[in-house]
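Structure file input16.cif (mmCIF, N, CA and C atoms and all ligand atoms) is printed below.
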```
data_input
loop_
_atom_site.label_atom_id
_atom_site.label_comp_id
_atom_site.auth_asym_id
_atom_site.auth_seq_id
_atom_site.Cartn_x
_atom_site.Cartn_y
_atom_site.Cartn_z
N MET A 280 -3.29 -31.92 15.63
CA MET A 280 -2.32 -31.09 16.32
C MET A 280 -2.19 -29.78 15.55
N THR A 281 -2.21 -28.69 16.28
CA THR A 281 -2.05 -27.38 15.67
C THR A 281 -0.70 -26.82 16.06
N SER A 282 0.05 -26.34 15.06
CA SER A 282 1.33 -25.71 15.37
C SER A 282 1.08 -24.25 15.66
N SER A 283 1.77 -23.76 16.65
CA SER A 283 1.63 -22.35 16.96
C SER A 283 2.64 -21.57 16.16
N CYS A 284 2.37 -20.31 15.97
CA CYS A 284 3.36 -19.47 15.32
C CYS A 284 3.17 -18.07 15.84
N SER A 285 4.23 -17.56 16.40
CA SER A 285 4.18 -16.17 16.84
C SER A 285 4.81 -15.31 15.76
N THR A 286 4.26 -14.16 15.56
CA THR A 286 4.73 -13.27 14.52
C THR A 286 5.19 -11.98 15.16
N PRO A 287 6.48 -11.63 15.00
CA PRO A 287 6.94 -10.35 15.54
C PRO A 287 6.12 -9.19 14.97
N SER A 288 6.06 -8.10 15.70
CA SER A 288 5.16 -7.01 15.33
C SER A 288 5.51 -6.40 13.98
N ASN A 289 6.77 -6.48 13.54
CA ASN A 289 7.13 -5.89 12.25
C ASN A 289 6.97 -6.87 11.10
N THR A 290 6.46 -8.05 11.38
CA THR A 290 6.25 -9.07 10.36
C THR A 290 4.76 -9.16 10.07
N PRO A 291 4.36 -9.09 8.78
CA PRO A 291 2.92 -9.17 8.49
C PRO A 291 2.35 -10.53 8.87
N ALA A 292 1.07 -10.55 9.19
CA ALA A 292 0.39 -11.82 9.43
C ALA A 292 0.18 -12.52 8.08
N TRP A 293 0.30 -13.84 8.10
CA TRP A 293 0.26 -14.60 6.83
C TRP A 293 -1.00 -14.31 6.03
N HIS A 294 -2.14 -14.15 6.72
CA HIS A 294 -3.41 -14.01 6.00
C HIS A 294 -3.58 -12.63 5.37
N THR A 295 -2.66 -11.70 5.65
CA THR A 295 -2.73 -10.39 5.01
C THR A 295 -1.86 -10.33 3.75
N LEU A 296 -1.11 -11.37 3.47
CA LEU A 296 -0.26 -11.39 2.28
C LEU A 296 -1.11 -11.57 1.03
N PRO A 297 -0.65 -11.05 -0.12
CA PRO A 297 -1.41 -11.22 -1.36
C PRO A 297 -1.64 -12.70 -1.68
N HIS A 298 -2.84 -13.02 -2.10
CA HIS A 298 -3.23 -14.36 -2.54
C HIS A 298 -3.21 -15.39 -1.41
N ALA A 299 -3.28 -14.93 -0.17
CA ALA A 299 -3.29 -15.88 0.95
C ALA A 299 -4.51 -16.80 0.83
N PRO A 300 -4.31 -18.09 0.96
CA PRO A 300 -5.44 -19.02 0.87
C PRO A 300 -6.27 -19.00 2.15
N ALA A 301 -7.41 -19.63 2.09
CA ALA A 301 -8.30 -19.67 3.24
C ALA A 301 -7.77 -20.63 4.28
N PRO A 302 -8.05 -20.36 5.56
CA PRO A 302 -7.77 -21.36 6.58
C PRO A 302 -8.43 -22.68 6.18
N GLY A 303 -7.78 -23.75 6.51
CA GLY A 303 -8.30 -25.07 6.14
C GLY A 303 -7.77 -25.58 4.80
N THR A 304 -7.07 -24.74 4.06
CA THR A 304 -6.55 -25.15 2.76
C THR A 304 -5.56 -26.31 2.91
N LEU A 305 -5.74 -27.32 2.08
CA LEU A 305 -4.86 -28.48 2.08
C LEU A 305 -3.48 -28.12 1.53
N LEU A 306 -2.43 -28.49 2.27
CA LEU A 306 -1.06 -28.22 1.81
C LEU A 306 -0.30 -29.49 1.45
N GLY A 307 -0.80 -30.63 1.84
CA GLY A 307 -0.12 -31.87 1.48
C GLY A 307 -0.15 -32.88 2.60
N ARG A 308 0.78 -33.84 2.51
CA ARG A 308 0.86 -34.91 3.51
C ARG A 308 2.27 -34.98 4.07
N ARG A 309 2.33 -35.18 5.38
CA ARG A 309 3.64 -35.24 6.04
C ARG A 309 4.52 -36.34 5.46
N ASP A 310 3.93 -37.48 5.13
CA ASP A 310 4.78 -38.58 4.65
C ASP A 310 5.33 -38.32 3.25
N ALA A 311 4.89 -37.26 2.61
CA ALA A 311 5.46 -36.88 1.31
C ALA A 311 6.71 -36.01 1.49
N LEU A 312 6.96 -35.59 2.72
CA LEU A 312 8.12 -34.75 3.02
C LEU A 312 9.21 -35.60 3.65
N GLU A 313 10.37 -35.54 3.10
CA GLU A 313 11.51 -36.24 3.69
C GLU A 313 11.89 -35.53 4.99
N ASP A 314 12.29 -36.29 5.99
CA ASP A 314 12.71 -35.68 7.25
C ASP A 314 13.91 -34.75 6.98
N GLY A 315 13.83 -33.53 7.49
CA GLY A 315 14.90 -32.56 7.29
C GLY A 315 14.83 -31.84 5.96
N SER A 316 13.70 -31.95 5.28
CA SER A 316 13.60 -31.31 3.96
C SER A 316 12.78 -30.03 4.03
N VAL A 317 12.97 -29.21 3.00
CA VAL A 317 12.17 -28.01 2.79
C VAL A 317 11.55 -28.14 1.40
N LEU A 318 10.24 -28.08 1.34
CA LEU A 318 9.54 -28.22 0.07
C LEU A 318 8.90 -26.89 -0.33
N LEU A 319 9.22 -26.44 -1.53
CA LEU A 319 8.53 -25.26 -2.07
C LEU A 319 7.18 -25.73 -2.60
N HIS A 320 6.14 -25.04 -2.16
CA HIS A 320 4.79 -25.44 -2.52
C HIS A 320 4.03 -24.18 -2.94
N GLU A 321 3.18 -24.31 -3.93
CA GLU A 321 2.38 -23.18 -4.38
C GLU A 321 0.91 -23.53 -4.24
N VAL A 322 0.15 -22.57 -3.75
CA VAL A 322 -1.29 -22.73 -3.56
C VAL A 322 -1.98 -21.68 -4.41
N TYR A 323 -3.06 -22.08 -5.08
CA TYR A 323 -3.82 -21.15 -5.92
C TYR A 323 -5.25 -21.06 -5.40
N ALA A 324 -5.79 -19.86 -5.44
CA ALA A 324 -7.20 -19.69 -5.06
C ALA A 324 -8.07 -20.42 -6.08
N PRO A 325 -9.20 -20.97 -5.64
CA PRO A 325 -10.09 -21.68 -6.56
C PRO A 325 -10.49 -20.83 -7.78
N ALA A 326 -10.62 -19.52 -7.58
CA ALA A 326 -11.03 -18.65 -8.69
C ALA A 326 -9.89 -18.38 -9.67
N ASP A 327 -8.69 -18.74 -9.29
CA ASP A 327 -7.51 -18.49 -10.13
C ASP A 327 -7.27 -19.70 -11.03
N SER A 328 -8.22 -19.94 -11.95
CA SER A 328 -8.15 -21.16 -12.77
C SER A 328 -6.94 -21.16 -13.70
N ALA A 329 -6.44 -19.99 -14.04
CA ALA A 329 -5.26 -19.92 -14.90
C ALA A 329 -3.96 -20.08 -14.09
N GLN A 330 -4.10 -20.17 -12.79
CA GLN A 330 -2.97 -20.34 -11.88
C GLN A 330 -1.87 -19.30 -12.15
N GLN A 331 -2.27 -18.06 -12.01
CA GLN A 331 -1.36 -16.96 -12.29
C GLN A 331 -0.83 -16.30 -11.01
N ASN A 332 -1.52 -16.52 -9.89
CA ASN A 332 -1.17 -15.79 -8.67
C ASN A 332 -0.93 -16.77 -7.51
N PRO A 333 0.20 -17.40 -7.50
CA PRO A 333 0.45 -18.38 -6.44
C PRO A 333 0.70 -17.73 -5.09
N PHE A 334 0.30 -18.44 -4.06
CA PHE A 334 0.75 -18.14 -2.71
C PHE A 334 1.85 -19.15 -2.42
N ARG A 335 3.05 -18.67 -2.22
CA ARG A 335 4.21 -19.55 -2.12
C ARG A 335 4.50 -19.89 -0.66
N VAL A 336 4.62 -21.18 -0.41
CA VAL A 336 4.79 -21.70 0.94
C VAL A 336 6.06 -22.56 0.99
N LEU A 337 6.75 -22.50 2.11
CA LEU A 337 7.84 -23.42 2.40
C LEU A 337 7.35 -24.38 3.47
N LEU A 338 7.38 -25.68 3.18
CA LEU A 338 7.01 -26.70 4.15
C LEU A 338 8.27 -27.37 4.65
N LEU A 339 8.45 -27.39 5.98
CA LEU A 339 9.65 -27.94 6.60
C LEU A 339 9.24 -29.11 7.48
N ARG A 340 9.95 -30.21 7.34
CA ARG A 340 9.68 -31.34 8.23
C ARG A 340 10.90 -31.64 9.08
N SER A 341 10.64 -31.81 10.38
CA SER A 341 11.68 -32.22 11.31
C SER A 341 11.07 -33.29 12.21
N GLY A 342 11.39 -34.54 11.94
CA GLY A 342 10.75 -35.64 12.67
C GLY A 342 9.27 -35.67 12.32
N THR A 343 8.44 -35.65 13.35
CA THR A 343 7.00 -35.63 13.10
C THR A 343 6.46 -34.22 12.98
N GLU A 344 7.30 -33.23 13.25
CA GLU A 344 6.84 -31.84 13.21
C GLU A 344 6.93 -31.26 11.80
N VAL A 345 5.90 -30.55 11.41
CA VAL A 345 5.88 -29.84 10.13
C VAL A 345 5.64 -28.36 10.42
N LYS A 346 6.43 -27.51 9.78
CA LYS A 346 6.28 -26.07 9.90
C LYS A 346 6.04 -25.50 8.52
N ALA A 347 5.44 -24.33 8.48
CA ALA A 347 5.27 -23.64 7.20
C ALA A 347 5.61 -22.17 7.38
N TYR A 348 6.33 -21.65 6.40
CA TYR A 348 6.60 -20.22 6.30
C TYR A 348 6.20 -19.78 4.90
N ALA A 349 5.75 -18.53 4.78
CA ALA A 349 5.58 -17.98 3.44
C ALA A 349 6.96 -17.91 2.78
N ASN A 350 7.00 -18.27 1.50
CA ASN A 350 8.27 -18.19 0.76
C ASN A 350 8.48 -16.74 0.35
N ARG A 351 8.86 -15.96 1.35
CA ARG A 351 8.94 -14.51 1.20
C ARG A 351 10.03 -14.01 2.13
N CYS A 352 11.12 -13.57 1.55
CA CYS A 352 12.24 -13.12 2.36
C CYS A 352 11.87 -11.87 3.15
N ALA A 353 12.32 -11.80 4.39
CA ALA A 353 12.06 -10.63 5.24
C ALA A 353 12.83 -9.41 4.76
N HIS A 354 13.77 -9.59 3.85
CA HIS A 354 14.57 -8.46 3.37
C HIS A 354 13.80 -7.69 2.29
N PHE A 355 13.55 -8.29 1.14
CA PHE A 355 12.89 -7.58 0.04
C PHE A 355 11.52 -8.15 -0.31
N GLY A 356 11.07 -9.15 0.39
CA GLY A 356 9.74 -9.70 0.11
C GLY A 356 9.68 -10.60 -1.11
N VAL A 357 10.83 -11.01 -1.60
CA VAL A 357 10.86 -11.92 -2.75
C VAL A 357 11.05 -13.35 -2.24
N PRO A 358 10.79 -14.36 -3.07
CA PRO A 358 11.00 -15.73 -2.60
C PRO A 358 12.45 -15.99 -2.18
N LEU A 359 12.62 -16.78 -1.13
CA LEU A 359 13.97 -17.20 -0.74
C LEU A 359 14.60 -17.99 -1.88
N ALA A 360 13.75 -18.76 -2.55
CA ALA A 360 14.17 -19.50 -3.74
C ALA A 360 12.96 -19.58 -4.66
N ALA A 361 13.19 -19.45 -5.94
CA ALA A 361 12.09 -19.52 -6.90
C ALA A 361 11.86 -20.95 -7.38
N ARG A 362 12.85 -21.78 -7.24
CA ARG A 362 12.75 -23.17 -7.69
C ARG A 362 13.30 -24.09 -6.62
N GLN A 363 12.74 -25.29 -6.58
CA GLN A 363 13.14 -26.25 -5.54
C GLN A 363 14.65 -26.48 -5.52
N GLU A 364 15.24 -26.60 -6.68
CA GLU A 364 16.67 -26.92 -6.73
C GLU A 364 17.55 -25.76 -6.27
N HIS A 365 16.96 -24.58 -6.09
CA HIS A 365 17.72 -23.43 -5.61
C HIS A 365 17.59 -23.21 -4.11
N MET A 366 16.75 -24.01 -3.47
CA MET A 366 16.52 -23.83 -2.04
C MET A 366 17.78 -24.21 -1.27
N GLN A 367 18.24 -23.28 -0.43
CA GLN A 367 19.43 -23.53 0.38
C GLN A 367 19.01 -23.67 1.84
N PHE A 368 19.38 -24.78 2.44
CA PHE A 368 19.03 -24.99 3.84
C PHE A 368 19.97 -26.00 4.47
N VAL A 369 20.05 -25.91 5.80
CA VAL A 369 20.72 -26.93 6.59
C VAL A 369 19.60 -27.66 7.32
N PRO A 370 19.42 -28.94 7.05
CA PRO A 370 18.29 -29.66 7.64
C PRO A 370 18.16 -29.45 9.14
N HIS A 371 16.96 -29.12 9.57
CA HIS A 371 16.59 -28.93 10.99
C HIS A 371 17.23 -27.67 11.61
N VAL A 372 18.01 -26.91 10.86
CA VAL A 372 18.78 -25.81 11.46
C VAL A 372 18.42 -24.45 10.86
N SER A 373 18.53 -24.30 9.55
CA SER A 373 18.38 -22.97 8.96
C SER A 373 18.00 -23.03 7.48
N LEU A 374 17.52 -21.86 7.01
CA LEU A 374 17.20 -21.65 5.59
C LEU A 374 17.95 -20.39 5.17
N THR A 375 18.40 -20.36 3.94
CA THR A 375 19.13 -19.19 3.46
C THR A 375 18.50 -18.67 2.18
N CYS A 376 18.28 -17.37 2.15
CA CYS A 376 17.74 -16.73 0.94
C CYS A 376 18.81 -16.76 -0.14
N ASN A 377 18.43 -17.09 -1.36
CA ASN A 377 19.47 -17.16 -2.39
C ASN A 377 19.60 -15.86 -3.18
N VAL A 378 19.04 -14.76 -2.64
CA VAL A 378 19.23 -13.45 -3.26
C VAL A 378 20.43 -12.75 -2.61
N HIS A 379 20.33 -12.44 -1.31
CA HIS A 379 21.44 -11.80 -0.61
C HIS A 379 21.93 -12.64 0.58
N TYR A 380 21.45 -13.86 0.67
CA TYR A 380 21.99 -14.85 1.61
C TYR A 380 21.69 -14.58 3.08
N ALA A 381 20.59 -13.91 3.37
CA ALA A 381 20.16 -13.83 4.77
C ALA A 381 19.83 -15.25 5.24
N ARG A 382 20.16 -15.52 6.50
CA ARG A 382 19.92 -16.85 7.07
C ARG A 382 18.80 -16.77 8.12
N PHE A 383 17.89 -17.72 8.06
CA PHE A 383 16.74 -17.77 8.96
C PHE A 383 16.76 -19.08 9.74
N ARG A 384 16.41 -18.97 11.02
CA ARG A 384 16.38 -20.17 11.86
C ARG A 384 15.21 -21.07 11.45
N TRP A 385 15.46 -22.33 11.37
CA TRP A 385 14.43 -23.34 11.06
C TRP A 385 13.31 -23.28 12.09
N SER A 386 13.69 -23.15 13.36
CA SER A 386 12.74 -23.30 14.47
C SER A 386 11.67 -22.22 14.51
N ASP A 387 12.03 -20.98 14.16
CA ASP A 387 11.05 -19.91 14.29
C ASP A 387 11.11 -18.87 13.17
N GLY A 388 11.98 -19.06 12.20
CA GLY A 388 12.03 -18.17 11.05
C GLY A 388 12.76 -16.86 11.28
N LEU A 389 13.37 -16.70 12.45
CA LEU A 389 14.07 -15.45 12.75
C LEU A 389 15.36 -15.35 11.93
N CYS A 390 15.60 -14.18 11.35
CA CYS A 390 16.84 -13.95 10.61
C CYS A 390 17.95 -13.71 11.63
N ASP A 391 18.96 -14.58 11.62
CA ASP A 391 20.06 -14.43 12.57
C ASP A 391 21.37 -14.03 11.90
N ARG A 392 21.31 -13.82 10.58
CA ARG A 392 22.50 -13.34 9.88
C ARG A 392 22.07 -12.76 8.54
N GLY A 393 22.51 -11.53 8.27
CA GLY A 393 22.20 -10.96 6.97
C GLY A 393 21.54 -9.60 7.07
N ASP A 394 21.06 -9.11 5.93
CA ASP A 394 20.55 -7.74 5.83
C ASP A 394 19.25 -7.49 6.59
N CYS A 395 18.54 -8.53 6.98
CA CYS A 395 17.28 -8.34 7.72
C CYS A 395 17.36 -8.99 9.09
N GLU A 396 18.55 -8.99 9.67
CA GLU A 396 18.75 -9.60 10.99
C GLU A 396 17.75 -9.04 11.99
N GLY A 397 17.11 -9.94 12.72
CA GLY A 397 16.10 -9.55 13.71
C GLY A 397 14.68 -9.60 13.17
N ASP A 398 14.53 -9.61 11.85
CA ASP A 398 13.21 -9.79 11.25
C ASP A 398 12.96 -11.28 11.05
N SER A 399 11.73 -11.61 10.69
CA SER A 399 11.38 -13.03 10.58
C SER A 399 10.64 -13.35 9.31
N LEU A 400 10.74 -14.60 8.93
CA LEU A 400 9.84 -15.13 7.91
C LEU A 400 8.42 -15.11 8.48
N VAL A 401 7.45 -15.15 7.59
CA VAL A 401 6.05 -15.15 8.01
C VAL A 401 5.62 -16.60 8.25
N ALA A 402 5.35 -16.90 9.50
CA ALA A 402 4.93 -18.26 9.86
C ALA A 402 3.45 -18.47 9.51
N ILE A 403 3.14 -19.67 9.08
CA ILE A 403 1.76 -20.03 8.74
C ILE A 403 1.34 -21.14 9.70
N PRO A 404 0.29 -20.95 10.46
CA PRO A 404 -0.12 -21.99 11.41
C PRO A 404 -0.71 -23.19 10.67
N LEU A 405 -0.40 -24.36 11.17
CA LEU A 405 -0.84 -25.59 10.51
C LEU A 405 -1.67 -26.46 11.45
N ASP A 406 -2.51 -27.26 10.84
CA ASP A 406 -3.13 -28.40 11.50
C ASP A 406 -2.61 -29.64 10.78
N VAL A 407 -2.04 -30.56 11.54
CA VAL A 407 -1.62 -31.84 10.97
C VAL A 407 -2.40 -32.92 11.71
N ASP A 408 -3.25 -33.65 10.99
CA ASP A 408 -4.09 -34.62 11.67
C ASP A 408 -3.35 -35.95 11.89
N ALA A 409 -4.03 -36.90 12.50
CA ALA A 409 -3.40 -38.17 12.86
C ALA A 409 -2.91 -38.94 11.65
N GLU A 410 -3.50 -38.68 10.49
CA GLU A 410 -3.05 -39.36 9.26
C GLU A 410 -1.93 -38.59 8.57
N GLY A 411 -1.55 -37.43 9.12
CA GLY A 411 -0.47 -36.65 8.53
C GLY A 411 -0.90 -35.69 7.45
N THR A 412 -2.19 -35.45 7.36
CA THR A 412 -2.69 -34.46 6.38
C THR A 412 -2.42 -33.07 6.92
N ILE A 413 -1.83 -32.23 6.07
CA ILE A 413 -1.41 -30.88 6.49
C ILE A 413 -2.37 -29.86 5.90
N ARG A 414 -2.93 -29.06 6.77
CA ARG A 414 -3.82 -27.97 6.34
C ARG A 414 -3.42 -26.69 7.06
N ILE A 415 -3.74 -25.56 6.45
CA ILE A 415 -3.59 -24.29 7.16
C ILE A 415 -4.61 -24.29 8.30
N ALA A 416 -4.13 -23.93 9.48
CA ALA A 416 -5.00 -23.98 10.66
C ALA A 416 -6.17 -23.02 10.51
N ALA A 417 -7.23 -23.36 11.19
CA ALA A 417 -8.45 -22.56 11.11
C ALA A 417 -8.28 -21.23 11.83
N THR A 418 -7.36 -21.16 12.75
CA THR A 418 -7.15 -19.91 13.48
C THR A 418 -5.90 -19.21 12.95
N ALA A 419 -5.97 -17.89 12.88
CA ALA A 419 -4.85 -17.12 12.32
C ALA A 419 -3.76 -16.98 13.35
S1 LIG B 1 16.06 -10.63 -0.69
FE1 LIG B 1 16.57 -12.23 0.70
S2 LIG B 1 18.40 -11.56 1.63
FE2 LIG B 1 17.86 -9.95 0.28
#
```

Rendering of file as structure tokens:
Amino acid sequence: MTSSCSTPSNTPAWHTLPHAPAPGTLLGRRDALEDGSVLLHEVYAPADSAQQNPFRVLLLRSGTEVKAYANRCAHFGVPLAARQEHMQFVPHVSLTCNVHYARFRWSDGLCDRGDCEGDSLVAIPLDVDAEGTIRIAATA
């Protein structure tokens, strides 16, 4: 199953972000995500053996559905949270940046309250196979 993601015109496409991994990159397994959770995940390019340039991803699970957004606030382009324990969210409903507290909808990443209202998180398309393996989709 491939998740779709529409990106508003003022939001960069995920694959144009610095250190964006290749389509097909493994992101994890659905059964490792608690229902209603947001997991901060970092992906490194194979050539980045020192792991200095992470591509930061937020993985969200709601039932059997998994979504991914770049961990990049639409306001200043910094992570919504730098550490897992700092991630603020309402399960299945919203995510909140812990810098200036902009709130983003879980369903589509749109900012509905805060300094970047109307802008969106950068959605990353996923493929989740029958075994629950999560990969970045082959299509952008
Ligand atoms: S950097 Fe996220 S709300 Fe300002």

If the limit is 10 Å from any atom of ligand LIG 1 (chain B), counting only C-alpha atoms and all ligand atoms, which residues qualify? Return them as a count of residues only. 25

May I have the residues within 8 Å of A:Gly342 as a list in words, using all atoms listed in the file and disregarding those fewer than 6 positions away in the same chain? Glu313, Asp314, Gly315, Ser316 and His371 of chain A

One number please: atom CA of A:Lys346 to atom C of A:Arg308, in Å, one decimal. 11.4 Å

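Atom C of A:Val369 is positioned 24.8 Å from atom C of A:Asp408.
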
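Atom C of A:Glu410 is found 7.8 Å from atom CA of A:Asp310.
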
Tell me which of A:Leu337, A:Val401, A:Ala301, A:Val407 sits closest to A:Leu389, counting only C-alpha atoms. A:Val401

Which of A:Val317, A:Ile403, A:Ala349, A:Ala416 sits closest to A:Phe334 [using only C-alpha atoms]: A:Ala349

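Residues lying within 7 Å of A:Leu319, counting only N, CA and C atoms and ignoring same-chain neighbours fewer than 4 positions away, are Arg335, Val336, Leu337, Leu338, Arg362 and Gln363 of chain A.
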
How would the residues just chosen look if you wrote them out with N, CA and C atoms as a compact mmCIF listing (two decimals), keeping the file's coordinate frame?
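Final output, saved to again-v3.txt:
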```
# COMPACT_ATOMS: atom_id res chain seq x y z
N ARG A 335 3.05 -18.67 -2.22
CA ARG A 335 4.21 -19.55 -2.12
C ARG A 335 4.50 -19.89 -0.66
N VAL A 336 4.62 -21.18 -0.41
CA VAL A 336 4.79 -21.70 0.94
C VAL A 336 6.06 -22.56 0.99
N LEU A 337 6.75 -22.50 2.11
CA LEU A 337 7.84 -23.42 2.40
C LEU A 337 7.35 -24.38 3.47
N LEU A 338 7.38 -25.68 3.18
CA LEU A 338 7.01 -26.70 4.15
C LEU A 338 8.27 -27.37 4.65
N ARG A 362 12.85 -21.78 -7.24
CA ARG A 362 12.75 -23.17 -7.69
C ARG A 362 13.30 -24.09 -6.62
N GLN A 363 12.74 -25.29 -6.58
CA GLN A 363 13.14 -26.25 -5.54
C GLN A 363 14.65 -26.48 -5.52
```

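Proximity ranking of A:Leu400, A:Val345, A:Ala361, A:Leu405 relative to A:His320 places A:Ala361 first, based on only C-alpha atoms.
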
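Counting only C-alpha atoms, the residue from A:Gln367, A:Asp406, A:Ile415, A:Arg340 that sits nearest to A:Ser386 is A:Arg340.
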
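Take the candidates A:Ala409, A:Arg414, A:Pro291, A:Val372 and check each one against A:Gly303 using only N, CA and C atoms; the shortest distance goes to A:Arg414.
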
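For the residues A:Ala292, A:Pro404, A:Thr412, A:Leu305, ranking by smallest atom-to-atom distance to A:Ala347 using all atoms listed in the file places A:Pro404 first.
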
Serialized stretch 290-366 of chain A w/ C-alpha atoms as a compact mmCIF listing (two decimals), in the first residue's frame:
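So decode-v8.txt came out as:
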```txt
# COMPACT_ATOMS: atom_id res chain seq x y z
CA THR A 290 6.10 23.58 0.76
CA PRO A 291 9.28 21.98 -0.62
CA ALA A 292 9.10 18.43 -1.93
CA TRP A 293 10.66 15.96 0.51
CA HIS A 294 13.30 14.78 -1.96
CA THR A 295 14.68 18.32 -2.36
CA LEU A 296 15.50 18.64 1.35
CA PRO A 297 19.15 18.32 2.44
CA HIS A 298 20.27 14.72 3.00
CA ALA A 299 17.02 13.28 1.65
CA PRO A 300 17.37 9.50 1.38
CA ALA A 301 16.65 7.54 -1.77
CA PRO A 302 13.18 6.23 -2.54
CA GLY A 303 12.91 2.72 -1.20
CA THR A 304 14.86 3.52 1.97
CA LEU A 305 13.78 1.38 4.91
CA LEU A 306 12.19 3.40 7.74
CA GLY A 307 11.12 0.62 10.08
CA ARG A 308 8.21 -1.65 10.90
CA ARG A 309 4.64 -0.68 11.68
CA ASP A 310 4.43 -3.08 14.61
CA ALA A 311 7.29 -1.20 16.27
CA LEU A 312 5.08 1.90 16.43
CA GLU A 313 2.48 2.15 19.14
CA ASP A 314 -0.94 3.15 17.85
CA GLY A 315 -1.30 6.92 18.19
CA SER A 316 2.43 7.48 18.56
CA VAL A 317 4.91 9.75 16.83
CA LEU A 318 8.43 8.39 16.48
CA LEU A 319 11.43 10.57 15.74
CA HIS A 320 13.61 8.68 13.30
CA GLU A 321 16.90 9.58 11.65
CA VAL A 322 18.13 8.24 8.33
CA TYR A 323 21.73 8.51 7.14
CA ALA A 324 23.04 8.20 3.61
CA PRO A 325 25.24 5.11 3.10
CA ALA A 326 28.21 7.40 2.37
CA ASP A 327 27.72 9.21 5.68
CA SER A 328 29.59 6.60 7.73
CA ALA A 329 30.24 9.09 10.52
CA GLN A 330 26.49 9.73 10.72
CA GLN A 331 26.86 13.48 10.77
CA ASN A 332 24.02 14.53 8.45
CA PRO A 333 20.74 12.96 9.46
CA PHE A 334 17.53 13.25 7.53
CA ARG A 335 14.99 13.60 10.31
CA VAL A 336 11.62 11.91 9.91
CA LEU A 337 8.48 11.79 12.04
CA LEU A 338 6.64 8.47 11.77
CA LEU A 339 2.99 8.56 12.86
CA ARG A 340 0.78 5.54 13.35
CA SER A 341 -2.99 5.64 13.48
CA GLY A 342 -4.49 2.16 13.42
CA THR A 343 -3.00 0.40 10.43
CA GLU A 344 -2.10 3.68 8.74
CA VAL A 345 1.43 5.06 8.92
CA LYS A 346 2.35 8.58 7.83
CA ALA A 347 5.69 10.31 7.60
CA TYR A 348 6.62 13.97 7.70
CA ALA A 349 10.05 15.53 7.63
CA ASN A 350 10.92 16.64 11.16
CA ARG A 351 11.11 20.20 9.94
CA CYS A 352 8.85 22.95 11.17
CA ALA A 353 7.14 25.01 8.46
CA HIS A 354 7.99 28.14 10.46
CA PHE A 355 11.82 28.20 10.71
CA GLY A 356 12.79 24.85 9.21
CA VAL A 357 14.10 23.46 12.48
CA PRO A 358 12.97 20.16 14.03
CA LEU A 359 9.60 20.21 15.78
CA ALA A 360 11.45 18.33 18.49
CA ALA A 361 15.11 17.40 18.70
CA ARG A 362 14.56 14.50 21.08
CA GLN A 363 11.82 11.92 21.42
CA GLU A 364 10.91 13.00 24.92
CA HIS A 365 10.31 16.56 23.69
CA MET A 366 7.82 15.58 21.01
```
